[in-house]
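A.B. asks: This is the structure I want to talk about, given as structure tokens.
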Amino acid sequence: MDKQYTTHHYDVVVIGAGGAGLRAAIEASSHDISVAIISKSMLGKAHTVMAEGGAAAALSNKDHRDSWQTHFRDTMKGGKYLGDWRMAQIHAQQAPDRIRELEQWGAVFDRTPVGLTNQRNFGGHTYPRLAHIGDATGLEIIRTLQQKGVHTGIEVFMEYTVRKLFKTDGHISGFLAYNRQDGSLHLFKAKKIVLATGGITRCWEVCSGSWEYTGEGHALAYWIGAEMGDMEFVQFHPTGMIWPPSVKGILVTEGVRGEGGMLSNSEGNRFMFDYVPEMYREEFADTEEEALEWVAEVISGKLATKRRPPELLTRDVVAKAINSEREAGRASEHGGAYLDISWRDEDEVRKKLPGMYHQFMELAAVDITKQAMEVGPTAHYVMGGVKVDPYTQETTVLGLYAAGEAATGLHGANRLGGNSLSDLIVFGKIAGEYAAIAAKSTLEYLDINQEEIDFTIEATLAPLLRLDGENPAKVVEDLRHMMQNKVGIIRTEKLLKEALDDLDKLEERAKFTSSPGGRVYNPGWHQALEIEAMIDVSRMCALAALHREESRGGHTRDDFPIPDHQKWGKINSRIKQDENGNMVIDYTTYPPIPDELKAHLDKDDLHEEE
């Protein structure tokens, strides 16, 4: 079998073509260096497109009281104070400029009556903060970034999968990839690499992500020695479609609740009033009348002076509440909850939520202007990822940078809705900038060990040469089903230990999968090559979840239901390979929060001893 490969040279290569990757590439190319983007699928099909509700930034257009300090506070509180305060500060301070920059580049955001960028409410945000374009914000951001990027000289390699990163003398030096269309092999030599590969949620059976989200970026960094952090924290978005089965898991934007959508159970009760945590009690309405008054005030364009509806609690709280209602026998017809926006004017619903209107009409034959939607939790986002320097986004591997969902730090134990899009453009810019500056001062491309290249090529072609192995689709199906049941929204020691044993068995099965039929348009081959990454990132999640004996944010232990602030409240898990290649876990902490920033946080939530 042909093992020849084509070699490419670039100063900076960005792996991933979503919001973080495009913004990094645009920034890097502004430094007059050679830049390439590697995209696993077609350009424009990034998961950024699926972020529908808006991008969080304290523009203060809808409520003059908003500020970066309040955004910083909301991000830290939503993340249960496990986030890197340095990243939270940078994000809150720079997000408004990144939104304004997108507007200068042609992004068409919705407007207020006086022509300012409109902003909507979202869970966990004190004030209306999400700049949006109906419910297609991510799509507009990707369109804007791609249009900007095509004029900067960036070279784009679409439908390429990266198989292995290489480092030379401890520094990143390149990677091997293959073309998914024709199976050709490609060696990329790069002075610096930015990892912007998104998340891992395809490891769960019910997820909002499409086929690309198999965690390969996380695994690539881990395999080369980068440190991973907070992998136990996986966000189950509370509202995914649950019927019909063919669309189960597809995202229902939080914008529905931001526009006044109400959650109820099979008995018709608006149950979220029963699930407001103590730390949020003063911020949310106690009665339906109070909640409706607040929504009416916001819709009319007045300042919101009342406490918010409980549907706008953080995603972890809402997802677990829906799960609890189901466990109590009060689920909707197909096992979730009812989400109703039909009480609002029909034309307003179509105007504010056009994507959701067409999505439910076409996929579920439900008219959301007249009927309630059925929704349930869906694996949506991983707060964990590659550990990065908060100021440069460089990982613990020299020359390798990471941004967006592939990196960890900003979101702590739980991400606030809308923070993902502003995360991409804030830290994508930073990663691209520092990668470019470092690349300009690097004179030579590093040599890559030929034996490593040859070994990676052999491993890449191996499934094609095995004729009687197991179908890789069956291994992936069993993995996703197991993760859904044992490392899902509710976890226990017993199930997590079983999951780790199951992963060992799946790893053995994965070694003998086969996908004969050639290298051209062979989906079985692609899937066989993804399994190793899916197993390792699943193992990271299960291992970190087993060791954190408490419930916090996106991590819920049924056998440890209460947050243990004294033991776990300030430490973050860290996973890496030991000298023998084994996965090991320990814990680390971020530097103490300075007093001037701590003054913006809720003192009682910090659980500090006097």
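Numbering starts fresh at 1 for the residues of each chain in the structure tokens, the chains themselves are lettered A, B, ... in the order given, and ligands are numbered from 1 as they appear.
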Give me the residues within 10 Å of A:Ala379 as number ranges by chain, counting only C-alpha atoms and dropping any in the same chain fewer than 3 places off.

C.D. replies: A: 200-209, 234-238, 240, 249-251, 382, 484, 488-489

A.B. asks: Any chance you can output those residues with N, CA and C atoms as a compact mmCIF listing (two decimals), in the first residue's frame?

C.D. replies:
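Listed below is the output, again.txt:
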```
# COMPACT_ATOMS: atom_id res chain seq x y z
N ILE A 200 -15.82 17.20 22.69
CA ILE A 200 -15.71 15.75 22.77
C ILE A 200 -17.07 15.05 22.88
N THR A 201 -18.16 15.77 22.71
CA THR A 201 -19.46 15.24 23.15
C THR A 201 -20.00 14.11 22.29
N ARG A 202 -19.35 13.80 21.19
CA ARG A 202 -19.77 12.65 20.39
C ARG A 202 -19.49 11.34 21.13
N CYS A 203 -18.80 11.42 22.25
CA CYS A 203 -18.55 10.23 23.07
C CYS A 203 -19.80 9.80 23.83
N TRP A 204 -20.87 10.61 23.81
CA TRP A 204 -22.13 10.27 24.48
C TRP A 204 -23.20 9.97 23.43
N GLU A 205 -24.12 9.10 23.80
CA GLU A 205 -25.16 8.65 22.88
C GLU A 205 -26.13 9.76 22.52
N VAL A 206 -26.50 10.60 23.49
CA VAL A 206 -27.39 11.73 23.24
C VAL A 206 -26.57 13.01 23.35
N CYS A 207 -26.33 13.64 22.22
CA CYS A 207 -25.46 14.83 22.23
C CYS A 207 -25.94 15.81 21.17
N SER A 208 -25.54 17.06 21.34
CA SER A 208 -25.91 18.10 20.39
C SER A 208 -24.88 18.24 19.29
N GLY A 209 -23.76 17.54 19.42
CA GLY A 209 -22.68 17.66 18.44
C GLY A 209 -22.86 16.71 17.27
N VAL A 234 -18.50 18.08 32.32
CA VAL A 234 -19.16 18.02 31.02
C VAL A 234 -20.55 18.63 31.16
N GLN A 235 -20.84 19.57 30.30
CA GLN A 235 -22.13 20.26 30.40
C GLN A 235 -23.19 19.53 29.57
N PHE A 236 -24.26 19.17 30.26
CA PHE A 236 -25.43 18.63 29.59
C PHE A 236 -26.42 19.79 29.42
N HIS A 237 -26.53 20.28 28.20
CA HIS A 237 -27.45 21.38 27.93
C HIS A 237 -28.85 20.91 28.28
N PRO A 238 -29.62 21.70 29.02
CA PRO A 238 -30.93 21.22 29.48
C PRO A 238 -31.94 21.01 28.36
N GLY A 240 -32.39 19.86 24.67
CA GLY A 240 -32.18 19.28 23.36
C GLY A 240 -33.50 18.65 22.91
N GLY A 249 -31.36 14.92 20.72
CA GLY A 249 -30.10 15.58 21.09
C GLY A 249 -29.85 16.89 20.38
N ILE A 250 -30.53 17.14 19.27
CA ILE A 250 -30.31 18.40 18.54
C ILE A 250 -30.67 19.58 19.44
N LEU A 251 -29.80 20.59 19.44
CA LEU A 251 -29.90 21.69 20.39
C LEU A 251 -31.17 22.53 20.20
N VAL A 382 -17.71 20.51 26.83
CA VAL A 382 -16.78 20.08 27.88
C VAL A 382 -16.03 21.31 28.40
N GLN A 484 -23.10 7.16 28.05
CA GLN A 484 -24.39 7.75 28.38
C GLN A 484 -24.92 7.21 29.70
N GLY A 488 -22.72 9.77 32.65
CA GLY A 488 -23.67 10.75 32.15
C GLY A 488 -23.92 11.87 33.12
N ILE A 489 -25.15 12.32 33.15
CA ILE A 489 -25.48 13.50 33.95
C ILE A 489 -25.45 13.20 35.44
```

A.B. asks: Extract, using only C-alpha atoms, all DNA, RNA and protein residues at most 8 Å from A:Asp110, discarding same-chain residues fewer than 2 positions from it, and format them as a list in words.

C.D. replies: Val108, Thr112, Thr117, Asn118, Ala131, His132, Ile133 and Gly134 of chain A

A.B. asks: Keeping C-alpha atoms, export the residues of the selection given above as an mmCIF file, in the first residue's frame.

C.D. replies:
```cif
data_model
loop_
_atom_site.group_PDB
_atom_site.id
_atom_site.type_symbol
_atom_site.label_atom_id
_atom_site.label_comp_id
_atom_site.auth_asym_id
_atom_site.auth_seq_id
_atom_site.Cartn_x
_atom_site.Cartn_y
_atom_site.Cartn_z
ATOM 1 C CA VAL A 108 -25.161 42.002 11.088
ATOM 2 C CA THR A 112 -32.314 48.073 19.418
ATOM 3 C CA THR A 117 -26.442 46.067 19.051
ATOM 4 C CA ASN A 118 -29.353 44.306 20.729
ATOM 5 C CA ALA A 131 -25.386 40.086 21.215
ATOM 6 C CA HIS A 132 -27.349 38.038 18.693
ATOM 7 C CA ILE A 133 -28.649 37.618 15.179
ATOM 8 C CA GLY A 134 -32.054 36.001 15.771
#
```

A.B. asks: Could you give me, as a compact mmCIF listing (two decimals) with C-alpha atoms, in the first residue's frame, the residues within 8 Å of stretch 408-425 of chain A, counting only C-alpha atoms and dropping anything in the same chain fewer than 4 positions from it?

C.D. replies:
```
# COMPACT_ATOMS: atom_id res chain seq x y z
CA GLY A 19 -14.67 30.55 15.54
CA ALA A 20 -11.48 30.11 17.58
CA ARG A 23 -9.97 34.15 14.58
CA THR A 48 -19.67 27.47 16.17
CA ALA A 51 -24.20 28.29 19.01
CA GLY A 53 -28.41 32.24 21.17
CA GLY A 54 -25.72 34.90 21.16
CA ALA A 55 -22.26 36.03 22.24
CA ALA A 56 -21.89 37.36 25.79
CA ALA A 57 -20.23 40.76 26.12
CA THR A 75 -18.61 33.82 34.87
CA MET A 76 -16.82 32.96 38.11
CA GLY A 78 -21.48 30.18 37.11
CA GLY A 79 -18.26 28.14 37.06
CA LYS A 80 -18.61 27.51 40.82
CA TYR A 81 -15.36 29.44 41.39
CA LEU A 82 -13.20 26.76 39.78
CA GLY A 83 -12.37 28.86 36.73
CA ASP A 84 -9.08 30.65 36.12
CA TRP A 85 -9.86 34.18 37.31
CA MET A 87 -8.98 34.17 31.91
CA ALA A 88 -12.35 35.30 33.27
CA HIS A 91 -12.59 37.54 28.65
CA ALA A 95 -15.31 40.61 24.73
CA ARG A 98 -14.26 41.63 19.83
CA ILE A 99 -18.01 42.07 19.20
CA PHE A 122 -29.45 34.16 29.12
CA GLY A 123 -29.04 31.77 32.02
CA GLY A 124 -26.62 32.91 34.70
CA HIS A 125 -26.16 36.43 33.31
CA LEU A 130 -25.93 38.35 24.53
CA GLY A 138 -22.85 31.40 15.43
CA MET A 228 -5.26 18.28 30.57
CA GLY A 229 -7.51 19.90 33.15
CA ASP A 230 -11.04 19.62 34.60
CA PHE A 233 -16.88 18.74 33.97
CA VAL A 234 -19.16 18.02 31.02
CA GLN A 235 -22.13 20.26 30.40
CA GLU A 254 -31.25 28.83 25.41
CA THR A 314 -27.35 28.06 35.00
CA ARG A 315 -27.43 25.09 32.65
CA ASP A 316 -26.26 22.54 35.20
CA MET A 383 -15.37 22.62 30.32
CA GLY A 384 -12.19 20.56 30.54
CA GLY A 385 -9.44 20.55 27.97
CA VAL A 386 -5.82 21.39 27.38
CA LYS A 387 -4.28 23.54 30.11
CA VAL A 388 -3.04 26.87 28.75
CA PRO A 390 -3.99 32.53 30.46
CA ALA A 403 -8.17 28.09 22.21
CA GLY A 404 -11.92 27.63 22.42
CA LYS A 429 -7.19 36.24 18.78
CA ARG A 552 -20.19 20.74 41.44
CA GLY A 553 -21.36 22.34 38.21
CA GLY A 554 -21.33 19.87 35.32
CA HIS A 555 -20.22 17.02 37.60
```

A.B. asks: Excluding A:Gly432 and its own-chain neighbours fewer than 6 positions away, which residues fall within 8 Å of it when counting only C-alpha atoms? Please give them as a ChimeraX atom specification.

C.D. replies: /A:23-28,194

A.B. asks: List as a ChimeraX atom specification the protein and nucleic acid residues near stretch 162-177 of chain A, meaning an atom at most 9 Å away when only C-alpha atoms are counted, but skip any in the same chain fewer than 6 places from it.

C.D. replies: /A:9,13,15,38,40,184-193,216-217,220-221,223-224,397-400,445-449,452-453,456-457,460,529

A.B. asks: Please produce an output containing C-alpha atoms for each residue in the selection, written as a short mmCIF file (atom, residue, chain, number, x, y, z; two decimals), in the first residue's frame.

C.D. replies:
```
data_model
loop_
_atom_site.label_atom_id
_atom_site.label_comp_id
_atom_site.auth_asym_id
_atom_site.auth_seq_id
_atom_site.Cartn_x
_atom_site.Cartn_y
_atom_site.Cartn_z
CA HIS A 9 5.78 24.13 5.47
CA VAL A 13 -0.85 26.03 11.36
CA ILE A 15 -6.02 22.91 13.46
CA ILE A 38 -6.77 22.38 8.75
CA LYS A 40 -11.85 18.08 9.52
CA SER A 184 -3.55 10.82 0.64
CA LEU A 185 -1.02 11.41 3.43
CA HIS A 186 0.41 14.81 4.34
CA LEU A 187 3.23 15.89 6.65
CA PHE A 188 2.95 19.45 7.90
CA LYS A 189 6.04 21.12 9.31
CA ALA A 190 5.11 24.11 11.45
CA LYS A 191 7.00 26.50 13.67
CA LYS A 192 3.92 26.93 15.87
CA ILE A 193 0.55 25.17 16.02
CA GLU A 216 -9.29 14.16 18.63
CA GLY A 217 -7.85 17.57 19.50
CA LEU A 220 -3.62 14.78 20.17
CA ALA A 221 -2.44 17.20 22.87
CA TRP A 223 -0.56 12.00 23.48
CA ILE A 224 2.23 14.51 22.91
CA VAL A 397 4.16 21.75 25.20
CA LEU A 398 6.35 24.54 23.82
CA GLY A 399 5.02 25.98 20.59
CA LEU A 400 1.58 24.39 20.91
CA TYR A 445 11.76 24.26 10.90
CA LEU A 446 12.66 21.47 13.27
CA ASP A 447 13.48 18.00 11.98
CA ILE A 448 10.88 15.32 12.70
CA ASN A 449 11.96 11.80 13.58
CA GLU A 452 7.72 8.46 14.25
CA ILE A 453 6.38 9.45 10.85
CA THR A 456 2.07 6.89 12.40
CA ILE A 457 1.58 6.02 8.72
CA THR A 460 -3.17 5.02 9.96
CA LEU A 529 -9.13 5.93 13.33
#
```

A.B. asks: Set the distance at 12 Å and use only C-alpha atoms: which residues neighbour A:Glu532 once local chain neighbours fewer than 4 positions away are removed? I'd like the list as a PyMOL selection string.

C.D. replies: chain A and resi 163-164+203+214-220+223+459-460+472+475-476+479+503-504+506-513+526-528+536-539

A.B. asks: Go ahead and save the picked residues with N, CA and C atoms, as a JSON list (two decimals), in the first residue's frame.

C.D. replies:
```json
[["chain", "number", "residue", "atom", "x", "y", "z"],
["A", 163, "ARG", "N", -3.62, 13.09, 12.48],
["A", 163, "ARG", "CA", -3.44, 11.80, 13.14],
["A", 163, "ARG", "C", -2.50, 11.87, 14.34],
["A", 164, "LYS", "N", -1.44, 12.66, 14.24],
["A", 164, "LYS", "CA", -0.48, 12.73, 15.35],
["A", 164, "LYS", "C", 0.32, 14.01, 15.26],
["A", 203, "CYS", "N", -18.80, 11.42, 22.25],
["A", 203, "CYS", "CA", -18.55, 10.23, 23.07],
["A", 203, "CYS", "C", -19.80, 9.80, 23.83],
["A", 214, "THR", "N", -15.36, 14.24, 18.09],
["A", 214, "THR", "CA", -14.88, 12.98, 18.67],
["A", 214, "THR", "C", -13.67, 13.16, 19.59],
["A", 215, "GLY", "N", -13.32, 14.39, 19.91],
["A", 215, "GLY", "CA", -12.29, 14.63, 20.90],
["A", 215, "GLY", "C", -10.86, 14.44, 20.44],
["A", 216, "GLU", "N", -10.64, 14.42, 19.12],
["A", 216, "GLU", "CA", -9.29, 14.16, 18.63],
["A", 216, "GLU", "C", -8.30, 15.25, 19.03],
["A", 217, "GLY", "N", -8.76, 16.50, 19.09],
["A", 217, "GLY", "CA", -7.85, 17.57, 19.50],
["A", 217, "GLY", "C", -7.35, 17.38, 20.91],
["A", 218, "HIS", "N", -8.27, 17.04, 21.84],
["A", 218, "HIS", "CA", -7.88, 16.76, 23.22],
["A", 218, "HIS", "C", -6.86, 15.62, 23.26],
["A", 219, "ALA", "N", -7.15, 14.55, 22.51],
["A", 219, "ALA", "CA", -6.27, 13.38, 22.52],
["A", 219, "ALA", "C", -4.91, 13.69, 21.91],
["A", 220, "LEU", "N", -4.89, 14.43, 20.82],
["A", 220, "LEU", "CA", -3.62, 14.78, 20.17],
["A", 220, "LEU", "C", -2.69, 15.51, 21.15],
["A", 223, "TRP", "N", -1.54, 12.99, 23.94],
["A", 223, "TRP", "CA", -0.56, 12.00, 23.48],
["A", 223, "TRP", "C", 0.84, 12.59, 23.35],
["A", 459, "ALA", "N", 0.12, 2.91, 11.46],
["A", 459, "ALA", "CA", -1.08, 2.85, 12.29],
["A", 459, "ALA", "C", -2.29, 3.40, 11.55],
["A", 460, "THR", "N", -2.08, 4.41, 10.71],
["A", 460, "THR", "CA", -3.17, 5.02, 9.96],
["A", 460, "THR", "C", -3.73, 4.06, 8.91],
["A", 472, "PRO", "N", -15.93, -1.08, 13.05],
["A", 472, "PRO", "CA", -15.67, 0.02, 14.00],
["A", 472, "PRO", "C", -16.93, 0.73, 14.47],
["A", 475, "VAL", "N", -18.15, -0.75, 17.73],
["A", 475, "VAL", "CA", -17.35, -0.36, 18.90],
["A", 475, "VAL", "C", -17.73, 1.05, 19.34],
["A", 476, "VAL", "N", -17.87, 1.95, 18.38],
["A", 476, "VAL", "CA", -18.25, 3.33, 18.70],
["A", 476, "VAL", "C", -19.65, 3.36, 19.32],
["A", 479, "LEU", "N", -19.41, 2.19, 22.88],
["A", 479, "LEU", "CA", -18.75, 3.21, 23.69],
["A", 479, "LEU", "C", -19.72, 4.33, 24.06],
["A", 503, "LEU", "N", -13.91, 0.65, 29.30],
["A", 503, "LEU", "CA", -13.03, 1.34, 28.35],
["A", 503, "LEU", "C", -11.79, 0.51, 28.03],
["A", 504, "ASP", "N", -11.28, -0.21, 29.02],
["A", 504, "ASP", "CA", -10.15, -1.11, 28.75],
["A", 504, "ASP", "C", -10.53, -2.18, 27.74],
["A", 506, "LEU", "N", -13.03, -2.00, 25.54],
["A", 506, "LEU", "CA", -13.27, -1.35, 24.25],
["A", 506, "LEU", "C", -11.96, -1.03, 23.54],
["A", 507, "GLU", "N", -10.95, -0.68, 24.32],
["A", 507, "GLU", "CA", -9.63, -0.40, 23.74],
["A", 507, "GLU", "C", -9.07, -1.64, 23.05],
["A", 508, "GLU", "N", -9.24, -2.79, 23.67],
["A", 508, "GLU", "CA", -8.77, -4.03, 23.05],
["A", 508, "GLU", "C", -9.54, -4.32, 21.77],
["A", 509, "ARG", "N", -10.85, -4.14, 21.81],
["A", 509, "ARG", "CA", -11.65, -4.36, 20.61],
["A", 509, "ARG", "C", -11.24, -3.40, 19.48],
["A", 510, "ALA", "N", -10.93, -2.17, 19.86],
["A", 510, "ALA", "CA", -10.59, -1.16, 18.87],
["A", 510, "ALA", "C", -9.33, -1.51, 18.09],
["A", 511, "LYS", "N", -8.43, -2.25, 18.73],
["A", 511, "LYS", "CA", -7.17, -2.62, 18.07],
["A", 511, "LYS", "C", -7.38, -3.54, 16.88],
["A", 512, "PHE", "N", -8.54, -4.17, 16.81],
["A", 512, "PHE", "CA", -8.76, -5.18, 15.78],
["A", 512, "PHE", "C", -9.96, -4.85, 14.88],
["A", 513, "THR", "N", -10.35, -3.59, 14.84],
["A", 513, "THR", "CA", -11.40, -3.20, 13.91],
["A", 513, "THR", "C", -10.83, -3.18, 12.49],
["A", 526, "HIS", "N", -12.38, 6.05, 8.52],
["A", 526, "HIS", "CA", -12.34, 7.26, 9.35],
["A", 526, "HIS", "C", -12.76, 6.94, 10.78],
["A", 527, "GLN", "N", -13.82, 6.16, 10.92],
["A", 527, "GLN", "CA", -14.33, 5.84, 12.26],
["A", 527, "GLN", "C", -13.35, 4.98, 13.03],
["A", 528, "ALA", "N", -12.71, 4.03, 12.36],
["A", 528, "ALA", "CA", -11.73, 3.18, 13.02],
["A", 528, "ALA", "C", -10.57, 4.01, 13.59],
["A", 536, "ASP", "N", -9.68, 7.51, 24.86],
["A", 536, "ASP", "CA", -8.81, 8.22, 25.81],
["A", 536, "ASP", "C", -9.50, 9.42, 26.44],
["A", 537, "VAL", "N", -10.27, 10.17, 25.67],
["A", 537, "VAL", "CA", -10.95, 11.32, 26.29],
["A", 537, "VAL", "C", -12.07, 10.83, 27.21],
["A", 538, "SER", "N", -12.71, 9.73, 26.85],
["A", 538, "SER", "CA", -13.72, 9.14, 27.74],
["A", 538, "SER", "C", -13.08, 8.68, 29.03],
["A", 539, "ARG", "N", -11.90, 8.12, 28.93],
["A", 539, "ARG", "CA", -11.18, 7.67, 30.13],
["A", 539, "ARG", "C", -10.80, 8.86, 31.01]]
```
